[in-house]
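Worksheet: one structure, shown below.
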Amino acid sequence: MQCRIICDFDGTIALEDVTDTLLERFALPEWRTIEDDWKAGRIGSRECMLRQVALLRASPDEIDRRLDHVAIDPGFPRFVATAARLGCELLVVSDGLDYAIRRVLGRHGLDHLPIMANRLELIGADRWRLGFPHASDGCAKGSGTCKCNIATGNGGDKRLRVLIGDGASDFCATNAVHMVFAKDRLLEHCRANALPHVGFTGFAEVGRLLADLLAAPAAAMSPALELHNT
């Protein structure tokens, strides 16, 4: 494997925030008050999602029917094939819901990809709870899935580390990778903090960008990399 790719899901692979989509459709109205507390910094994202998921009122069939309307970036399946051809390990790492990610990817024949996300568990006919198999007590964002911890990985791993994402849950991982492919809020964060990054709008571009990056691995490992796209 030449590189290890950590790829966000909501807003990156999926064209919407799938967790918010489910909350808007199926959760009791109190979920918005919890969201406001998170946005104001009064609680971390792990506590926010734990409390919000407890407010879901939907059967598995209802959840599945809604998930089956979630679209993904049309270029993502080809990017998966490109990453494999280039000898890269591709991990889907999300502070969202593993059940939702697996359902959406499965419709595209992509559920073979390793998924690291919060665990959505059914505890009744229409009640759910959230588990956090990838949490870290030291997570800078208080996330359910600590992307900074996952990005750091094994200290002996010398492969090129790449992050692909779009939002705040990706911020802490930017300091543990060699290159970021970024859009939206993550792109603004990389620009503001002078982090090695390339902006993108869709996965149709990312395969070519990854191939270019791997063509010059010595440069990619350098803090002085001149591959910024502003």
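Letters A, B, ... mark the chains of the structure tokens in the order given; residue numbers begin at 1 per chain; ligand numbers begin at 1, in order shown.
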Using DSSP assignments from the backbone, pull out every residue in range 43-199 of chain A that falls under alpha helix (DSSP H) and give it to me as an MDAnalysis selection string. chainID A and resid 45:53 60:67 76:85 98:106 147:152 184:192
Asp170 in chain A environment, 10 Å, only C-alpha atoms, sequence neighbours closer than 2 positions dropped, as a PyMOL selection string: chain A and resi 6-8+93-95+141+146-148+163-168+172-175+180+182+185-186+189
Just write the chosen residues, N, CA and C atoms, as a tab-separated table (two decimals), in the first residue's frame.
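Wrote again_22.tsv, looks like this:
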chain	number	residue	atom	x	y	z
A	6	ILE	N	-8.05	8.63	4.53
A	6	ILE	CA	-9.15	8.76	5.48
A	6	ILE	C	-10.18	9.67	4.83
A	7	CYS	N	-11.35	9.11	4.53
A	7	CYS	CA	-12.36	9.84	3.77
A	7	CYS	C	-13.63	10.04	4.60
A	8	ASP	N	-14.03	11.27	4.75
A	8	ASP	CA	-15.29	11.63	5.41
A	8	ASP	C	-16.48	11.12	4.59
A	93	VAL	N	-14.22	7.19	7.26
A	93	VAL	CA	-14.15	7.55	8.68
A	93	VAL	C	-15.10	8.72	8.93
A	94	SER	N	-16.09	8.50	9.80
A	94	SER	CA	-17.17	9.47	9.93
A	94	SER	C	-17.59	9.63	11.38
A	95	ASP	N	-18.01	10.85	11.73
A	95	ASP	CA	-18.64	11.06	13.03
A	95	ASP	C	-20.15	10.89	12.91
A	141	LYS	N	-12.06	17.53	19.57
A	141	LYS	CA	-13.41	18.00	19.24
A	141	LYS	C	-14.49	17.34	20.08
A	146	CYS	N	-13.07	9.76	16.76
A	146	CYS	CA	-11.94	10.68	16.86
A	146	CYS	C	-11.05	10.53	15.61
A	147	LYS	N	-11.25	11.42	14.66
A	147	LYS	CA	-10.50	11.33	13.41
A	147	LYS	C	-9.02	11.63	13.60
A	148	CYS	N	-8.68	12.49	14.57
A	148	CYS	CA	-7.27	12.79	14.79
A	148	CYS	C	-6.53	11.54	15.27
A	163	LEU	N	-6.13	12.98	3.84
A	163	LEU	CA	-7.47	13.22	4.39
A	163	LEU	C	-8.34	13.83	3.31
A	164	ILE	N	-9.58	13.35	3.18
A	164	ILE	CA	-10.56	13.93	2.26
A	164	ILE	C	-11.78	14.30	3.07
A	165	GLY	N	-12.17	15.57	3.03
A	165	GLY	CA	-13.32	15.95	3.84
A	165	GLY	C	-13.86	17.32	3.52
A	166	ASP	N	-14.85	17.73	4.34
A	166	ASP	CA	-15.54	18.99	4.04
A	166	ASP	C	-15.88	19.83	5.26
A	167	GLY	N	-15.75	19.28	6.49
A	167	GLY	CA	-16.32	20.02	7.62
A	167	GLY	C	-15.50	20.01	8.89
A	168	ALA	N	-16.14	20.50	9.96
A	168	ALA	CA	-15.46	20.71	11.24
A	168	ALA	C	-14.97	19.42	11.87
A	172	CYS	N	-9.34	18.41	13.24
A	172	CYS	CA	-8.23	17.95	14.08
A	172	CYS	C	-7.33	16.97	13.34
A	173	ALA	N	-7.90	16.24	12.36
A	173	ALA	CA	-7.10	15.25	11.63
A	173	ALA	C	-6.12	15.90	10.66
A	174	THR	N	-6.32	17.18	10.34
A	174	THR	CA	-5.44	17.83	9.36
A	174	THR	C	-4.00	17.89	9.83
A	175	ASN	N	-3.77	17.86	11.13
A	175	ASN	CA	-2.41	17.93	11.66
A	175	ASN	C	-1.73	16.57	11.75
A	180	VAL	N	-4.27	17.20	2.50
A	180	VAL	CA	-5.72	17.26	2.65
A	180	VAL	C	-6.34	17.62	1.31
A	182	ALA	N	-9.72	19.05	0.21
A	182	ALA	CA	-10.70	19.73	1.04
A	182	ALA	C	-11.71	20.51	0.22
A	185	ARG	N	-16.11	24.04	4.45
A	185	ARG	CA	-15.50	24.56	5.69
A	185	ARG	C	-14.08	24.05	5.91
A	186	LEU	N	-13.82	22.81	5.49
A	186	LEU	CA	-12.46	22.27	5.66
A	186	LEU	C	-11.47	23.02	4.78
A	189	HIS	N	-10.63	26.19	6.51
A	189	HIS	CA	-9.74	25.91	7.64
A	189	HIS	C	-8.30	25.70	7.18
Neighbour list for range 111-115 of chain A as number ranges by chain, cut-off 7 Å, only C-alpha atoms, skip fewer than 4 positions in-chain: A: 91-93, 98, 102, 105-106
Please produce a file of those selected residues containing N, CA and C atoms, as a PDB file, in the first residue's frame.
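This went into result.pdb:
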ATOM      1  N   LEU A  91     -10.205   4.223   3.832  1.00  0.00           N
ATOM      2  CA  LEU A  91     -11.074   4.053   4.992  1.00  0.00           C
ATOM      3  C   LEU A  91     -12.151   5.126   4.969  1.00  0.00           C
ATOM      4  N   VAL A  92     -13.397   4.740   5.179  1.00  0.00           N
ATOM      5  CA  VAL A  92     -14.471   5.712   5.365  1.00  0.00           C
ATOM      6  C   VAL A  92     -14.565   5.974   6.862  1.00  0.00           C
ATOM      7  N   VAL A  93     -14.223   7.193   7.264  1.00  0.00           N
ATOM      8  CA  VAL A  93     -14.153   7.549   8.684  1.00  0.00           C
ATOM      9  C   VAL A  93     -15.100   8.715   8.929  1.00  0.00           C
ATOM     10  N   ASP A  98     -22.847   4.430  11.458  1.00  0.00           N
ATOM     11  CA  ASP A  98     -22.340   3.318  10.654  1.00  0.00           C
ATOM     12  C   ASP A  98     -23.447   2.625   9.869  1.00  0.00           C
ATOM     13  N   ARG A 102     -23.313   2.248   5.779  1.00  0.00           N
ATOM     14  CA  ARG A 102     -23.285   0.918   5.156  1.00  0.00           C
ATOM     15  C   ARG A 102     -24.469   0.730   4.209  1.00  0.00           C
ATOM     16  N   LEU A 105     -23.790   3.031   1.014  1.00  0.00           N
ATOM     17  CA  LEU A 105     -22.719   2.483   0.176  1.00  0.00           C
ATOM     18  C   LEU A 105     -23.112   1.150  -0.452  1.00  0.00           C
ATOM     19  N   GLY A 106     -23.895   0.366   0.279  1.00  0.00           N
ATOM     20  CA  GLY A 106     -24.303  -0.934  -0.223  1.00  0.00           C
ATOM     21  C   GLY A 106     -25.119  -0.846  -1.497  1.00  0.00           C
TER      22      GLY A 106
END
For Glu89 in chain A: contacts at 10 Å, only C-alpha atoms, fewer than 6 positions along chain excluded, given as a PyMOL selection string: chain A and resi 1-6+80+83+113-114+159+161
I want to know what sits within 9 Å of Thr82 in chain A, based on only C-alpha atoms, with residues of the same chain fewer than 5 positions away left out; could you give that as a PyMOL selection string? chain A and resi 77+87-88+207-208+210-211
Output file for the selection above: N, CA and C atoms, as a PDB file, in the first residue's frame:
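See again.pdb below for the written result:
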ATOM      1  N   PRO A  77     -17.583   6.086  -6.879  1.00  0.00           N
ATOM      2  CA  PRO A  77     -17.248   4.696  -7.228  1.00  0.00           C
ATOM      3  C   PRO A  77     -15.991   4.583  -8.088  1.00  0.00           C
ATOM      4  N   GLY A  87      -2.796   1.478  -5.291  1.00  0.00           N
ATOM      5  CA  GLY A  87      -2.225   0.817  -4.123  1.00  0.00           C
ATOM      6  C   GLY A  87      -2.463   1.553  -2.831  1.00  0.00           C
ATOM      7  N   CYS A  88      -3.647   2.157  -2.687  1.00  0.00           N
ATOM      8  CA  CYS A  88      -3.966   2.928  -1.483  1.00  0.00           C
ATOM      9  C   CYS A  88      -5.039   2.229  -0.652  1.00  0.00           C
ATOM     10  N   GLY A 207      -9.346  11.555  -8.044  1.00  0.00           N
ATOM     11  CA  GLY A 207      -8.489  10.479  -8.530  1.00  0.00           C
ATOM     12  C   GLY A 207      -7.255  11.015  -9.228  1.00  0.00           C
ATOM     13  N   ARG A 208      -7.436  12.008 -10.084  1.00  0.00           N
ATOM     14  CA  ARG A 208      -6.288  12.618 -10.774  1.00  0.00           C
ATOM     15  C   ARG A 208      -5.360  13.301  -9.778  1.00  0.00           C
ATOM     16  N   LEU A 210      -4.899  12.558  -6.653  1.00  0.00           N
ATOM     17  CA  LEU A 210      -4.180  11.538  -5.894  1.00  0.00           C
ATOM     18  C   LEU A 210      -3.045  10.957  -6.716  1.00  0.00           C
ATOM     19  N   ALA A 211      -3.296  10.687  -7.987  1.00  0.00           N
ATOM     20  CA  ALA A 211      -2.239  10.155  -8.862  1.00  0.00           C
ATOM     21  C   ALA A 211      -1.082  11.130  -8.964  1.00  0.00           C
TER      22      ALA A 211
END
Quick one, how far is CA of Arg103 in chain A from CA of Lys39 in chain A? 27.9 Å
How close does each residue of range 13-56 of chain A get to range 63-74 of chain A, giving the shortest atom pair and distance in Å to one decimal for every residue with an atom at most 8 Å away, counting only C-alpha atoms, sorted by chain and residue number, as a tab-separated table?
residue	atom	partner	partner_atom	distance
A:Ile13	CA	A:Ile72	CA	5.5
A:Ala14	CA	A:Ile72	CA	4.2
A:Leu15	CA	A:Ile72	CA	5.4
A:Glu16	CA	A:Val70	CA	7.5
A:Val18	CA	A:Val70	CA	7.5
A:Leu22	CA	A:Ile63	CA	7.4
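Across the model, the gap from CA of Phe200 in chain A to CA of Thr19 in chain A is 23.2 Å.
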